[in-house]
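Here is the file coords-v1.cif (mmCIF, C-alpha atoms (C1' of nucleotides)).
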data_model
loop_
_atom_site.label_atom_id
_atom_site.label_comp_id
_atom_site.auth_asym_id
_atom_site.auth_seq_id
_atom_site.Cartn_x
_atom_site.Cartn_y
_atom_site.Cartn_z
CA MET A 1 -13.63 10.26 1.10
CA GLN A 2 -12.12 10.00 -2.37
CA ALA A 3 -9.99 7.28 -3.94
CA ASP A 4 -6.95 9.49 -4.04
CA ILE A 5 -6.53 9.87 -0.30
CA VAL A 6 -7.56 6.27 0.32
CA ILE A 7 -4.75 5.04 -1.90
CA ARG A 8 -2.30 7.27 -0.09
CA ALA A 9 -3.50 5.93 3.26
CA LEU A 10 -3.32 2.30 2.17
CA GLY A 11 0.11 2.88 0.68
CA ALA A 12 1.24 4.53 3.89
CA LEU A 13 0.18 1.50 5.91
CA ALA A 14 1.60 -1.02 3.45
CA GLN A 15 5.11 -0.87 4.83
CA GLU A 16 6.60 -2.82 7.69
CA HIS A 17 7.91 0.10 9.74
CA ARG A 18 4.98 2.39 9.11
CA LEU A 19 2.45 -0.30 9.95
CA ALA A 20 4.32 -0.97 13.19
CA ALA A 21 4.38 2.75 14.00
CA PHE A 22 0.71 3.20 13.25
CA ARG A 23 -0.28 0.28 15.42
CA LEU A 24 1.77 1.60 18.31
CA LEU A 25 -0.01 4.93 17.88
CA VAL A 26 -3.43 3.28 17.71
CA GLN A 27 -2.68 1.53 20.96
CA ALA A 28 -1.23 4.65 22.55
CA GLY A 29 -4.45 6.61 22.07
CA ALA A 30 -4.72 10.37 22.48
CA GLU A 31 -1.54 10.66 24.51
CA GLY A 32 0.57 9.85 21.45
CA ILE A 33 4.26 8.94 21.14
CA PRO A 34 7.27 11.17 20.33
CA ALA A 35 9.09 10.56 17.04
CA GLY A 36 12.31 9.54 18.76
CA VAL A 37 10.60 6.94 20.92
CA LEU A 38 8.94 5.45 17.85
CA ALA A 39 12.28 5.28 16.06
CA GLU A 40 13.87 3.51 18.99
CA ARG A 41 11.04 1.05 19.55
CA ILE A 42 10.83 0.13 15.89
CA GLY A 43 14.57 0.09 15.39
CA VAL A 44 15.10 2.53 12.52
CA PRO A 45 17.37 5.62 12.39
CA PRO A 46 15.70 8.98 13.08
CA SER A 47 15.90 10.15 9.49
CA SER A 48 14.10 7.05 8.29
CA MET A 49 11.46 7.42 10.96
CA SER A 50 10.88 11.01 9.91
CA PHE A 51 10.41 9.89 6.34
CA HIS A 52 7.84 7.31 7.36
CA LEU A 53 5.98 9.60 9.74
CA ALA A 54 5.76 12.20 7.00
CA GLN A 55 4.08 9.61 4.78
CA LEU A 56 1.56 8.74 7.48
CA ALA A 57 0.87 12.41 8.13
CA HIS A 58 0.50 13.21 4.44
CA ALA A 59 -2.07 10.44 4.23
CA GLY A 60 -3.99 11.97 7.13
CA LEU A 61 -3.54 8.94 9.33
CA VAL A 62 -1.64 10.70 12.08
CA THR A 63 -1.49 14.15 13.58
CA GLN A 64 1.46 15.79 15.26
CA ARG A 65 2.00 18.37 17.96
CA ARG A 66 5.14 19.88 19.36
CA GLU A 67 5.80 19.54 23.04
CA SER A 68 9.00 21.22 24.01
CA ARG A 69 11.75 19.60 21.96
CA SER A 70 9.71 16.55 21.01
CA ILE A 71 7.20 16.15 18.27
CA ILE A 72 4.45 13.86 19.39
CA TYR A 73 2.42 11.79 16.96
CA SER A 74 -1.06 10.41 17.44
CA ALA A 75 -3.28 8.19 15.32
CA ASP A 76 -6.26 9.84 13.66
CA TYR A 77 -9.11 7.48 14.40
CA ALA A 78 -11.57 9.23 12.14
CA ALA A 79 -9.27 8.77 9.15
CA MET A 80 -8.85 5.12 9.98
CA SER A 81 -12.55 4.41 10.19
CA GLY A 82 -13.18 6.45 7.04
CA LEU A 83 -10.69 4.23 5.29
CA MET A 84 -12.46 1.08 6.37
CA ALA A 85 -15.83 2.45 5.40
CA TYR A 86 -14.53 3.15 1.91
CA LEU A 87 -13.37 -0.43 1.47
CA THR A 88 -16.72 -1.91 2.39
CA GLU A 89 -18.89 0.71 0.72
CA ASN A 90 -21.96 -0.74 -0.87
CA CYS A 91 -20.77 -4.19 0.12
CA CYS A 92 -22.48 -7.00 -1.80
CA GLY A 93 -24.38 -4.41 -3.80
CA GLY A 94 -27.60 -4.61 -1.85
CA VAL A 95 -27.94 -8.36 -2.04
CA PRO A 96 -28.15 -9.77 1.50
CA CYS A 97 -24.68 -11.03 2.38
CA GLU A 98 -24.28 -14.70 3.14
CA ASP A 99 -21.62 -13.89 5.69
CA ALA A 100 -22.98 -10.56 6.86
CA ALA A 101 -20.34 -10.37 9.56
CA ALA A 102 -17.82 -9.45 6.89
CA CYS A 103 -19.66 -6.25 5.99
CA LEU A 104 -19.00 -4.89 9.47
CA PRO A 105 -18.83 -1.12 9.13
CA ALA A 106 -22.06 -1.43 7.20
CA THR A 107 -21.98 1.89 5.44
CA ASN A 108 -24.82 1.61 2.97
CA ARG A 109 -26.55 -1.48 4.20
CA GLU A 110 -29.89 -0.97 5.82
CA THR A 111 -30.99 -4.43 4.72
CA VAL A 112 -29.13 -6.25 7.51
CA MET B 113 -3.33 -12.68 11.07
CA GLN B 114 0.32 -11.71 10.88
CA ALA B 115 1.94 -8.47 9.77
CA ASP B 116 3.37 -10.07 6.68
CA ILE B 117 0.08 -10.85 4.97
CA VAL B 118 -1.48 -7.60 6.19
CA ILE B 119 1.27 -5.62 4.49
CA ARG B 120 0.75 -7.58 1.31
CA ALA B 121 -2.99 -6.91 1.46
CA LEU B 122 -2.58 -3.21 2.12
CA GLY B 123 -0.02 -2.96 -0.65
CA ALA B 124 -2.34 -4.76 -2.99
CA LEU B 125 -5.11 -2.26 -2.31
CA ALA B 126 -2.84 0.77 -2.48
CA GLN B 127 -3.00 1.08 -6.22
CA GLU B 128 -5.54 2.88 -8.33
CA HIS B 129 -6.51 0.02 -10.61
CA ARG B 130 -6.42 -2.68 -7.96
CA LEU B 131 -8.48 -0.63 -5.55
CA ALA B 132 -11.04 -0.04 -8.29
CA ALA B 133 -11.11 -3.75 -9.12
CA PHE B 134 -11.47 -4.77 -5.50
CA ARG B 135 -14.33 -2.38 -4.93
CA LEU B 136 -16.14 -3.65 -7.98
CA LEU B 137 -15.70 -7.15 -6.62
CA VAL B 138 -16.91 -6.17 -3.16
CA GLN B 139 -20.04 -4.74 -4.73
CA ALA B 140 -20.50 -7.71 -7.01
CA GLY B 141 -20.69 -10.14 -4.11
CA ALA B 142 -20.47 -13.90 -4.48
CA GLU B 143 -21.34 -13.84 -8.18
CA GLY B 144 -17.98 -12.29 -9.00
CA ILE B 145 -16.71 -10.70 -12.22
CA PRO B 146 -14.61 -12.20 -15.06
CA ALA B 147 -11.08 -10.85 -15.55
CA GLY B 148 -11.86 -9.48 -18.99
CA VAL B 149 -14.87 -7.52 -17.78
CA LEU B 150 -12.79 -6.00 -15.00
CA ALA B 151 -10.10 -4.99 -17.48
CA GLU B 152 -12.66 -3.34 -19.73
CA ARG B 153 -14.51 -1.54 -16.95
CA ILE B 154 -11.32 -0.24 -15.41
CA GLY B 155 -9.68 0.57 -18.72
CA VAL B 156 -6.42 -1.37 -18.59
CA PRO B 157 -5.02 -3.93 -21.04
CA PRO B 158 -5.60 -7.60 -20.19
CA SER B 159 -1.97 -8.25 -19.31
CA SER B 160 -1.96 -5.43 -16.79
CA MET B 161 -5.23 -6.62 -15.31
CA SER B 162 -3.78 -10.09 -14.89
CA PHE B 163 -0.80 -8.64 -13.09
CA HIS B 164 -3.01 -6.73 -10.69
CA LEU B 165 -5.40 -9.59 -10.07
CA ALA B 166 -2.45 -11.81 -9.26
CA GLN B 167 -1.37 -9.33 -6.63
CA LEU B 168 -4.81 -9.29 -5.07
CA ALA B 169 -4.98 -13.07 -5.13
CA HIS B 170 -1.53 -13.44 -3.63
CA ALA B 171 -2.64 -11.18 -0.81
CA GLY B 172 -5.65 -13.40 -0.21
CA LEU B 173 -8.11 -10.63 -0.98
CA VAL B 174 -9.76 -12.33 -3.92
CA THR B 175 -10.51 -15.87 -5.03
CA GLN B 176 -10.84 -17.15 -8.55
CA ARG B 177 -12.75 -19.88 -10.30
CA ARG B 178 -12.84 -20.95 -13.89
CA GLU B 179 -16.15 -20.94 -15.69
CA SER B 180 -15.78 -22.09 -19.25
CA ARG B 181 -13.32 -19.73 -20.91
CA SER B 182 -13.57 -17.06 -18.27
CA ILE B 183 -11.82 -16.81 -14.94
CA ILE B 184 -14.13 -15.22 -12.45
CA TYR B 185 -12.84 -13.28 -9.48
CA SER B 186 -14.63 -12.64 -6.20
CA ALA B 187 -13.73 -10.62 -3.13
CA ASP B 188 -12.83 -12.56 -0.02
CA TYR B 189 -14.84 -10.87 2.69
CA ALA B 190 -13.18 -12.75 5.52
CA ALA B 191 -9.77 -11.49 4.47
CA MET B 192 -11.08 -7.96 4.27
CA SER B 193 -12.56 -7.99 7.75
CA GLY B 194 -9.45 -9.68 9.13
CA LEU B 195 -7.44 -6.83 7.70
CA MET B 196 -9.59 -4.22 9.38
CA ALA B 197 -9.47 -6.06 12.68
CA TYR B 198 -5.69 -6.04 12.56
CA LEU B 199 -5.58 -2.29 12.09
CA THR B 200 -7.76 -1.58 15.09
CA GLU B 201 -6.38 -4.30 17.35
CA ASN B 202 -6.11 -3.23 20.95
CA CYS B 203 -7.31 0.22 19.95
CA CYS B 204 -6.58 2.91 22.57
CA GLY B 205 -4.81 0.32 24.70
CA GLY B 206 -7.66 -0.35 27.09
CA VAL B 207 -8.32 3.29 27.92
CA PRO B 208 -11.93 4.16 27.08
CA CYS B 209 -11.92 5.85 23.68
CA GLU B 210 -13.18 9.39 23.48
CA ASP B 211 -14.57 8.69 20.04
CA ALA B 212 -15.45 5.05 20.49
CA ALA B 213 -17.08 5.02 17.07
CA ALA B 214 -13.64 4.91 15.51
CA CYS B 215 -12.81 1.60 17.16
CA LEU B 216 -15.58 -0.09 15.22
CA PRO B 217 -14.52 -3.67 14.69
CA ALA B 218 -13.80 -3.72 18.42
CA THR B 219 -11.49 -6.68 18.51
CA ASN B 220 -10.10 -6.54 22.03
CA ARG B 221 -12.36 -4.00 23.66
CA GLU B 222 -14.84 -5.31 26.16
CA THR B 223 -14.75 -2.01 28.01
CA VAL B 224 -17.07 -0.21 25.61
"C1'" DA C 225 -8.47 -30.53 -36.09
"C1'" DC C 226 -9.04 -25.57 -36.46
"C1'" DA C 227 -10.27 -20.92 -35.62
"C1'" DA C 228 -11.82 -17.89 -32.15
"C1'" DT C 229 -12.06 -16.41 -27.44
"C1'" DA C 230 -10.38 -15.51 -22.61
"C1'" DA C 231 -6.69 -15.15 -19.85
"C1'" DT C 232 -1.99 -15.50 -18.41
"C1'" DT C 233 3.19 -15.36 -18.58
"C1'" DC C 234 7.35 -13.27 -20.26
"C1'" DC C 235 10.24 -9.43 -20.86
"C1'" DA C 236 12.23 -4.98 -21.20
"C1'" DT C 237 11.47 -0.39 -19.72
"C1'" DA C 238 9.75 3.23 -16.80
"C1'" DA C 239 8.36 5.02 -12.53
"C1'" DT C 240 8.01 5.00 -7.76
"C1'" DT C 241 9.61 4.13 -3.04
"C1'" DA C 242 13.00 3.03 0.81
"C1'" DT C 243 17.40 3.72 3.18
"C1'" DC C 244 20.42 6.33 6.02
"C1'" DG C 245 24.53 9.47 6.77
"C1'" DA C 246 25.41 14.32 6.89
"C1'" DA C 247 23.82 18.81 7.31
"C1'" DT C 248 20.24 21.83 9.08
"C1'" DC C 249 16.45 23.73 11.93
"C1'" DG C 250 13.82 24.63 16.47
"C1'" DT C 251 13.94 24.48 21.56
"C1'" DT C 252 15.72 24.37 26.16
"C1'" DG C 253 18.87 24.84 30.20
"C1'" DG C 254 22.85 26.89 32.10
"C1'" DC D 255 24.80 33.14 23.93
"C1'" DC D 256 26.03 28.51 23.38
"C1'" DA D 257 26.15 23.59 23.86
"C1'" DA D 258 23.06 19.77 23.72
"C1'" DC D 259 18.99 17.57 22.28
"C1'" DG D 260 15.15 16.12 19.31
"C1'" DA D 261 13.64 16.09 14.91
"C1'" DT D 262 13.60 17.08 9.98
"C1'" DT D 263 15.48 17.89 5.26
"C1'" DC D 264 18.77 16.84 1.67
"C1'" DG D 265 20.85 13.86 -1.54
"C1'" DA D 266 22.76 9.91 -3.55
"C1'" DT D 267 21.97 4.94 -3.99
"C1'" DA D 268 19.39 0.73 -3.85
"C1'" DA D 269 15.29 -1.85 -4.19
"C1'" DT D 270 10.71 -2.53 -5.46
"C1'" DT D 271 6.65 -2.04 -8.40
"C1'" DA D 272 3.92 -0.79 -12.71
"C1'" DT D 273 3.24 -0.95 -17.73
"C1'" DG D 274 1.91 -3.07 -21.98
"C1'" DG D 275 3.12 -5.61 -26.35
"C1'" DA D 276 4.12 -10.23 -27.93
"C1'" DA D 277 4.01 -15.00 -27.21
"C1'" DT D 278 1.74 -18.83 -24.80
"C1'" DT D 279 -1.82 -21.63 -22.51
"C1'" DA D 280 -6.71 -23.29 -21.78
"C1'" DT D 281 -11.41 -23.84 -23.57
"C1'" DT D 282 -15.25 -23.99 -26.73
"C1'" DG D 283 -17.99 -24.45 -31.09
"C1'" DT D 284 -18.01 -26.12 -35.76
#

Can the structure in the file be given as structure tokens, please?
Amino acid sequence: MQADIVIRALGALAQEHRLAAFRLLVQAGAEGIPAGVLAERIGVPPSSMSFHLAQLAHAGLVTQRRESRSIIYSADYAAMSGLMAYLTENCCGGVPCEDAAACLPATNRETV
Amino acid sequence: MQADIVIRALGALAQEHRLAAFRLLVQAGAEGIPAGVLAERIGVPPSSMSFHLAQLAHAGLVTQRRESRSIIYSADYAAMSGLMAYLTENCCGGVPCEDAAACLPATNRETV
DNA sequence: ACAATAATTCCATAATTATCGAATCGTTGG
DNA sequence: CCAACGATTCGATAATTATGGAATTATTGT
């Protein structure tokens, strides 16, 4: 995972409505949620929701599928965990962490 | 952890230079890195670095301490793991995840 | 006290991002 | 085929964020 896509993903999540949408999708699981339902639950007009969902999709955080008239969005769990791994990569630079709990995803840390 | 601070943290990380700085700090561990060294390594003028470090500090992602003339920054691991926990909170809404690996920090999931 | 060093604040400018109404594009049922 | 529905794209405006030079604030050694 390269910095470029990570920045896009972080930027996508760093917005009130998009963060709310993503969390709803994370909780919804594989079933997903249609765009219109997201717009209604979050309280933004459809055109704004589309804009935000496009950002999330462009960052690879969500996938979409058409089902009849609706377009259904789902969270991409792999992208999310890749993002977290990137943030903690090589945490503490090999030195045993005092609070090892913080280095949770433990990408490069065999020492714990 | 509330949405407000999470958005600030994500926004702080969603920028090339700040992400680079934060990762250097994560790898540096408790020892930390002086502002000037960060500016030089990342290749931005001191005033820009100050601006970015202030953003990270305001988001609670880094702490700072003075040591003689230098101000030394360190990553706040607790804030980082709190951030990740927020993103995966109530992942898959109780339904057993197909790819459970993605729900790593496993905040609310006793079912796995 | 002074010069040098490390960092920050201030400020104007540039660039990016968000908002939402109106128009448009697929899909379905009658 | 057409009216209705769900969603997206377009476009103009508003708001936020990034940049970096110059001035300012701490700190140290002589």

In Å, rounded to a single decimal, give me how far C1' of DA277 (chain D) is from C1' of DA236 (chain C).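 For C1' of DA236 (chain C) relative to C1' of DA277 (chain D), the distance reads 14.3 Å.
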
Taking the file as shown, what set of residues would the PyMOL selection byres ((chain A and resi 54-61) around 7) give back, as a PyMOL selection string? chain A and resi 5+8-9+12+50-53+62-63+75-76+79-80

Find the residues near DC244 (chain C): any atom within 9 Å, counting only C-alpha atoms (C1' of nucleotides), skip ones fewer than 5 places away on the same chain, and give them as a ChimeraX atom specification. /A:45-48

Show me, as a ChimeraX atom specification, every residue of chain D with an atom at most 9 Å from chain A, counting only C-alpha atoms (C1' of nucleotides). /D:259-263

Pairing the C-alpha atoms in order and superposing chain A on chain B, what is the resulting RMSD?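 With chain A fitted onto chain B, the C-alpha RMSD reads 0.1 Å.
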
Could you tell me which residues the PyMOL selection byres ((chain C and resi 234) around 10) grabs in this file, written as an mmCIF file with C-alpha atoms (C1' of nucleotides), keeping the file's coordinate frame?
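Okay, out21.cif is ready:
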data_model
loop_
_atom_site.group_PDB
_atom_site.id
_atom_site.type_symbol
_atom_site.label_atom_id
_atom_site.label_comp_id
_atom_site.auth_asym_id
_atom_site.auth_seq_id
_atom_site.Cartn_x
_atom_site.Cartn_y
_atom_site.Cartn_z
ATOM 1 C "C1'" DT C 232 -1.990 -15.500 -18.410
ATOM 2 C "C1'" DT C 233 3.190 -15.360 -18.580
ATOM 3 C "C1'" DC C 235 10.240 -9.430 -20.860
ATOM 4 C "C1'" DA C 236 12.230 -4.980 -21.200
ATOM 5 C "C1'" DA D 276 4.120 -10.230 -27.930
ATOM 6 C "C1'" DA D 277 4.010 -15.000 -27.210
ATOM 7 C "C1'" DT D 278 1.740 -18.830 -24.800
#

Select residues of chain B: the criterion is any atom within 6 Å of an atom of chain A, counting all atoms listed in the file; output as a PyMOL selection string. chain B and resi 119+122-123+126+138-141+189-190+193+202-205+214
